[in-house]
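Chemist: Here it is, the structure, as structure tokens.
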Amino acid sequence: MTSPARPTDPADAADAADAADAQLPLTGERTIPGVPEENYWFQRHVVAYRFAATRCVGKRVVDSGSGEGYGTAMLGAVAATATGVELVEPVADHARRRYASQPDGNARVDFLTADICDTGLPTGETDVVVNLQVIEHLPDVGRFLGEQRRILRPGGELIVATPNRLTFTPHSHEPTNVFHVEEFSPVELVERLTDVGGFAVTRLLGLHHGARITAAEDATGQAFTDLVLQPIDEWPRWLHALVRRIGPRDFVWSEDDLEDSLDLLAVCTT
């Protein structure tokens with residue numbers, strides 16, 4: 001795995017934010033920084049943003065489905081401009097205040113309140129669209145992909161990350177997560193991006209646990225996702241400690257063993 005660029009650490013940004021505006025409510029629909037028990041899931045998002053940032057240096061970037069905003073701030077640390085697009089106004093306002101409007105905020109970062117399927121952004125003026133852990137929430141993937149093609153310049157890139165259906169919901173073709181509309185296997189994701197979206201997939205990666213998490217799985221005989229999905233008050237002390245320590249280096253992107261991966265990441269071009 002190539003070591004990605006290391007933009008602004010979202011945990012540091014969170015510590016610097018005003019305490020009264022430090023967190024959005026934890027709804028289960030989006031991940032946020034600063035929640036120790038959610039750190040495993042949060043870092044799975046961070047590692048995807050770190051990879052995406054390596055392809056955003058000096059580029060005009062749109063973060064479609066920016067949520068809390070920490071990822072847009074990471075992209076903005078290396079991009080020419082980074083615009084987060086978020087449907088829910090209070091969430092977008094939180095992101096503006098936390099990452100774009102602070103005295104030490106990044107002037108290259110901004111947040112737009114809009115539907116990612118109808119952004120209102122100019123046609124053909126975006127170099128890279130980043131869409132991480134969002135596509136599985138959408139009721140109309142075709143409409144979404146069409147809008148991303150519209151705003152991208154010719155030859156622009158779309159970077160999509162999503163849970164791997166084969167490991168996230170292994171015993172069902174239907175999502176069990178109440179916030180997910182549709183989940184994808186590696187083959188299904190490529191088919192949707194190419195046949196429906198009209199993109200060319202130039203790279204497909206899978207996310208895997210690194211040595212430290214794998215060692216915990218070997219020691220317990222359980223998948224780590226099963227361990228952290230147990231009620232938090234039932235976690236053993238060692239699991240609390242490990243989850244708090246997890247960072248991007250505890251995950252590995254690979255082009256091998258895609259069907260066994262945790263998450264999928266596709267790099268596409270128009």
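Going by the structure tokens order, chains are called A, B, ..., each with residues numbered from 1, while ligands are numbered from 1 in the order shown.
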Can you list, as a list in words, every protein, DNA or RNA residue that comes within 8 Å of segment 66-69 of chain A when you count only C-alpha atoms, leaving out same-chain residues fewer than 5 positions away?
Modeler: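 Near segment 66-69 of chain A, the qualifying residues are Leu24, Arg30, Thr31, Ile32, Gly84, Val85, Glu86, Val91, Ala92, His94, Ala95, Arg96 and Tyr99 of chain A.
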Chemist: Do you know which residues are at most 12 Å from Pro175 of chain A counting only C-alpha atoms, after dropping those on the same chain fewer than 4 positions away, and could you put them as a PDB file with N, CA and C atoms, in the first residue's frame?
Modeler:
```
ATOM      1  N   GLU A 136     -24.345   4.025  -0.765  1.00  0.00           N
ATOM      2  CA  GLU A 136     -25.247   2.984  -0.246  1.00  0.00           C
ATOM      3  C   GLU A 136     -26.502   3.567   0.403  1.00  0.00           C
ATOM      4  N   HIS A 137     -26.501   4.876   0.645  1.00  0.00           N
ATOM      5  CA  HIS A 137     -27.660   5.541   1.261  1.00  0.00           C
ATOM      6  C   HIS A 137     -28.646   6.088   0.224  1.00  0.00           C
ATOM      7  N   PRO A 163     -19.279   0.225   1.780  1.00  0.00           N
ATOM      8  CA  PRO A 163     -19.063  -1.090   2.391  1.00  0.00           C
ATOM      9  C   PRO A 163     -19.215  -2.214   1.365  1.00  0.00           C
ATOM     10  N   ASN A 164     -18.422  -3.244   1.526  1.00  0.00           N
ATOM     11  CA  ASN A 164     -18.528  -4.431   0.686  1.00  0.00           C
ATOM     12  C   ASN A 164     -19.702  -5.269   1.185  1.00  0.00           C
ATOM     13  N   ARG A 165     -20.723  -5.413   0.361  1.00  0.00           N
ATOM     14  CA  ARG A 165     -21.915  -6.158   0.774  1.00  0.00           C
ATOM     15  C   ARG A 165     -21.581  -7.572   1.234  1.00  0.00           C
ATOM     16  N   LEU A 166     -20.584  -8.183   0.610  1.00  0.00           N
ATOM     17  CA  LEU A 166     -20.280  -9.582   0.897  1.00  0.00           C
ATOM     18  C   LEU A 166     -19.785  -9.795   2.322  1.00  0.00           C
ATOM     19  N   THR A 167     -19.204  -8.755   2.924  1.00  0.00           N
ATOM     20  CA  THR A 167     -18.733  -8.874   4.309  1.00  0.00           C
ATOM     21  C   THR A 167     -19.553  -8.030   5.273  1.00  0.00           C
ATOM     22  N   PHE A 168     -20.161  -6.951   4.778  1.00  0.00           N
ATOM     23  CA  PHE A 168     -20.935  -6.077   5.663  1.00  0.00           C
ATOM     24  C   PHE A 168     -22.296  -6.688   5.988  1.00  0.00           C
ATOM     25  N   THR A 169     -22.925  -7.293   4.980  1.00  0.00           N
ATOM     26  CA  THR A 169     -24.211  -7.980   5.169  1.00  0.00           C
ATOM     27  C   THR A 169     -24.095  -9.354   4.511  1.00  0.00           C
ATOM     28  N   PRO A 170     -23.312 -10.252   5.113  1.00  0.00           N
ATOM     29  CA  PRO A 170     -22.929 -11.477   4.405  1.00  0.00           C
ATOM     30  C   PRO A 170     -24.052 -12.473   4.170  1.00  0.00           C
ATOM     31  N   HIS A 171     -25.127 -12.387   4.907  1.00  0.00           N
ATOM     32  CA  HIS A 171     -26.162 -13.415   4.809  1.00  0.00           C
ATOM     33  C   HIS A 171     -27.441 -12.915   4.141  1.00  0.00           C
ATOM     34  N   PHE A 179     -30.208   2.577   7.503  1.00  0.00           N
ATOM     35  CA  PHE A 179     -29.898   3.773   6.727  1.00  0.00           C
ATOM     36  C   PHE A 179     -29.401   3.449   5.321  1.00  0.00           C
ATOM     37  N   HIS A 180     -29.207   2.180   5.016  1.00  0.00           N
ATOM     38  CA  HIS A 180     -28.707   1.776   3.701  1.00  0.00           C
ATOM     39  C   HIS A 180     -29.860   1.365   2.797  1.00  0.00           C
ATOM     40  N   VAL A 181     -29.834   1.882   1.574  1.00  0.00           N
ATOM     41  CA  VAL A 181     -30.833   1.517   0.571  1.00  0.00           C
ATOM     42  C   VAL A 181     -30.351   0.333  -0.256  1.00  0.00           C
ATOM     43  N   GLU A 182     -29.086   0.359  -0.635  1.00  0.00           N
ATOM     44  CA  GLU A 182     -28.512  -0.691  -1.481  1.00  0.00           C
ATOM     45  C   GLU A 182     -27.030  -0.819  -1.180  1.00  0.00           C
ATOM     46  N   GLU A 183     -26.562  -2.038  -1.058  1.00  0.00           N
ATOM     47  CA  GLU A 183     -25.145  -2.307  -0.864  1.00  0.00           C
ATOM     48  C   GLU A 183     -24.616  -3.083  -2.064  1.00  0.00           C
ATOM     49  N   PHE A 184     -23.288  -3.086  -2.225  1.00  0.00           N
ATOM     50  CA  PHE A 184     -22.692  -3.585  -3.458  1.00  0.00           C
ATOM     51  C   PHE A 184     -21.551  -4.548  -3.175  1.00  0.00           C
TER      52      PHE A 184
END
```
Chemist: I need the strand (DSSP E) residues of segment 44-215 of chain A per DSSP on the backbone, written as JSON, numbers by chain.
Modeler: {"A": [60, 61, 62, 63, 64, 81, 82, 83, 84, 85, 86, 109, 110, 111, 112, 113, 126, 127, 128, 129, 130, 131, 132, 152, 153, 154, 155, 156, 157, 158, 159, 160, 161, 162, 163, 200, 201, 202, 203, 204, 205, 206, 207, 208, 209]}
Chemist: May I have the residues within 10 Å of Tyr40 of chain A as a list of chain:residue names, using only C-alpha atoms and disregarding those fewer than 4 positions away in the same chain?
Modeler: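 With the cut-off at 10 Å, the set is A:Val35, A:Pro36, A:Arg44, A:His45, A:Val46, A:Phe224, A:Thr225, A:Val228, A:Leu242, A:Val243, A:Arg244, A:Arg245, A:Ile246, A:Gly247, A:Pro248, A:Asp250.
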Chemist: Looking at only C-alpha atoms, which of A:Asp93, A:Glu157, A:Asp63, A:Asp110 is the one that sits closest to Asn131 of chain A?
Modeler: A:Asp63
Chemist: Tell me, as a ChimeraX atom specification, which residues lie within 10 Å of Leu227 of chain A, counting only C-alpha atoms; anything in the same chain fewer than 5 positions away does not count.
Modeler: /A:216-217,220,222,232,234-236,239
Chemist: May I ask which of the residues A:Asn177, A:Arg212, A:Leu207, A:Arg50 is the closest one to Ser254 of chain A, counting only C-alpha atoms?
Modeler: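 Looking only at the distances to Ser254 of chain A, the closest residue turns out to be A:Leu207.
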Chemist: What is the atom CA of Arg149 of chain A-atom CA of Thr270 of chain A distance in Å, reported with one decimal?
Modeler: 6.6 Å
Chemist: Please identify every residue of segment 112-190 of chain A that has at least one atom no farther than 12 Å from an atom of segment 70-82 of chain A, counting only C-alpha atoms, and for each give the shortest atom pair and the distance in Å to one decimal, arranged by chain then increasing number, as JSON lines.
Modeler:
```
{"residue": "A:Leu112", "atom": "CA", "partner": "A:Ala82", "partner_atom": "CA", "distance": 10.6}
{"residue": "A:Glu125", "atom": "CA", "partner": "A:Thr81", "partner_atom": "CA", "distance": 11.5}
{"residue": "A:Thr126", "atom": "CA", "partner": "A:Thr81", "partner_atom": "CA", "distance": 9.6}
{"residue": "A:Asp127", "atom": "CA", "partner": "A:Thr81", "partner_atom": "CA", "distance": 10.0}
{"residue": "A:Val128", "atom": "CA", "partner": "A:Ala82", "partner_atom": "CA", "distance": 9.5}
{"residue": "A:Val129", "atom": "CA", "partner": "A:Ala82", "partner_atom": "CA", "distance": 9.6}
{"residue": "A:Val130", "atom": "CA", "partner": "A:Thr72", "partner_atom": "CA", "distance": 9.1}
{"residue": "A:Asn131", "atom": "CA", "partner": "A:Gly71", "partner_atom": "CA", "distance": 10.3}
{"residue": "A:Leu132", "atom": "CA", "partner": "A:Gly71", "partner_atom": "CA", "distance": 9.2}
{"residue": "A:Gln133", "atom": "CA", "partner": "A:Gly71", "partner_atom": "CA", "distance": 11.4}
```
Chemist: With N, CA and C atoms retained, could you export that selection as a PDB file, in the first residue's frame?
Modeler:
```
ATOM      1  N   LEU A 112     -21.705  23.624   0.881  1.00  0.00           N
ATOM      2  CA  LEU A 112     -22.911  23.987   0.149  1.00  0.00           C
ATOM      3  C   LEU A 112     -24.058  23.117   0.637  1.00  0.00           C
ATOM      4  N   GLU A 125     -16.630  21.898 -14.265  1.00  0.00           N
ATOM      5  CA  GLU A 125     -15.604  22.716 -13.619  1.00  0.00           C
ATOM      6  C   GLU A 125     -14.969  22.039 -12.408  1.00  0.00           C
ATOM      7  N   THR A 126     -15.269  20.772 -12.171  1.00  0.00           N
ATOM      8  CA  THR A 126     -14.712  20.046 -11.026  1.00  0.00           C
ATOM      9  C   THR A 126     -13.704  19.019 -11.521  1.00  0.00           C
ATOM     10  N   ASP A 127     -12.546  18.962 -10.855  1.00  0.00           N
ATOM     11  CA  ASP A 127     -11.513  17.998 -11.237  1.00  0.00           C
ATOM     12  C   ASP A 127     -11.744  16.625 -10.617  1.00  0.00           C
ATOM     13  N   VAL A 128     -12.150  16.615  -9.345  1.00  0.00           N
ATOM     14  CA  VAL A 128     -12.325  15.358  -8.616  1.00  0.00           C
ATOM     15  C   VAL A 128     -13.592  15.446  -7.774  1.00  0.00           C
ATOM     16  N   VAL A 129     -14.442  14.439  -7.872  1.00  0.00           N
ATOM     17  CA  VAL A 129     -15.571  14.275  -6.953  1.00  0.00           C
ATOM     18  C   VAL A 129     -15.251  13.113  -6.029  1.00  0.00           C
ATOM     19  N   VAL A 130     -15.378  13.364  -4.733  1.00  0.00           N
ATOM     20  CA  VAL A 130     -15.152  12.344  -3.714  1.00  0.00           C
ATOM     21  C   VAL A 130     -16.498  12.005  -3.087  1.00  0.00           C
ATOM     22  N   ASN A 131     -16.795  10.709  -3.012  1.00  0.00           N
ATOM     23  CA  ASN A 131     -18.081  10.256  -2.469  1.00  0.00           C
ATOM     24  C   ASN A 131     -17.812   9.014  -1.629  1.00  0.00           C
ATOM     25  N   LEU A 132     -17.661   9.225  -0.331  1.00  0.00           N
ATOM     26  CA  LEU A 132     -17.194   8.158   0.543  1.00  0.00           C
ATOM     27  C   LEU A 132     -18.268   7.735   1.529  1.00  0.00           C
ATOM     28  N   GLN A 133     -18.614   6.456   1.468  1.00  0.00           N
ATOM     29  CA  GLN A 133     -19.601   5.868   2.376  1.00  0.00           C
ATOM     30  C   GLN A 133     -20.942   6.599   2.299  1.00  0.00           C
TER      31      GLN A 133
END
```
Chemist: Point out the residue among A:His209, A:Arg55, A:Arg192, A:Arg249 with the least atom-to-atom distance to Phe144 of chain A, counting only C-alpha atoms.
Modeler: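 Ranking A:His209, A:Arg55, A:Arg192, A:Arg249 by distance to Phe144 of chain A, first place goes to A:Arg192.
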Chemist: How close does each residue of segment 147-209 of chain A get to segment 264-267 of chain A, giving the shortest atom pair and distance in Å to one decimal for every residue with an atom at most 10 Å away, counting only C-alpha atoms, sorted by chain and residue number, as a tab-separated table?
Modeler:
```
residue	atom	partner	partner_atom	distance
A:Glu157	CA	A:Val267	CA	6.8
A:Leu158	CA	A:Val267	CA	6.0
A:Ile159	CA	A:Val267	CA	4.7
A:Val160	CA	A:Ala266	CA	5.2
A:Ala161	CA	A:Leu265	CA	4.2
A:Thr162	CA	A:Leu264	CA	5.4
A:Pro163	CA	A:Leu264	CA	6.0
A:Asn164	CA	A:Leu264	CA	5.7
A:Arg165	CA	A:Leu264	CA	9.3
A:Phe184	CA	A:Leu264	CA	8.8
A:Ser185	CA	A:Leu264	CA	8.3
A:Pro186	CA	A:Leu264	CA	6.9
A:Leu189	CA	A:Ala266	CA	8.3
A:Val190	CA	A:Ala266	CA	7.9
A:Leu193	CA	A:Ala266	CA	8.9
A:Phe199	CA	A:Val267	CA	9.5
A:Ala200	CA	A:Val267	CA	8.5
A:Val201	CA	A:Val267	CA	5.8
A:Thr202	CA	A:Val267	CA	5.7
A:Arg203	CA	A:Val267	CA	5.1
A:Leu204	CA	A:Ala266	CA	4.5
A:Leu205	CA	A:Leu265	CA	5.1
A:Gly206	CA	A:Leu264	CA	4.7
A:Leu207	CA	A:Leu264	CA	6.4
A:His208	CA	A:Leu264	CA	9.7
```
Chemist: Please identify which residues in segment 82-130 of chain A DSSP calls helix (DSSP H, G or I) from the backbone, and express them as a PyMOL selection string.
Modeler: chain A and resi 89-100
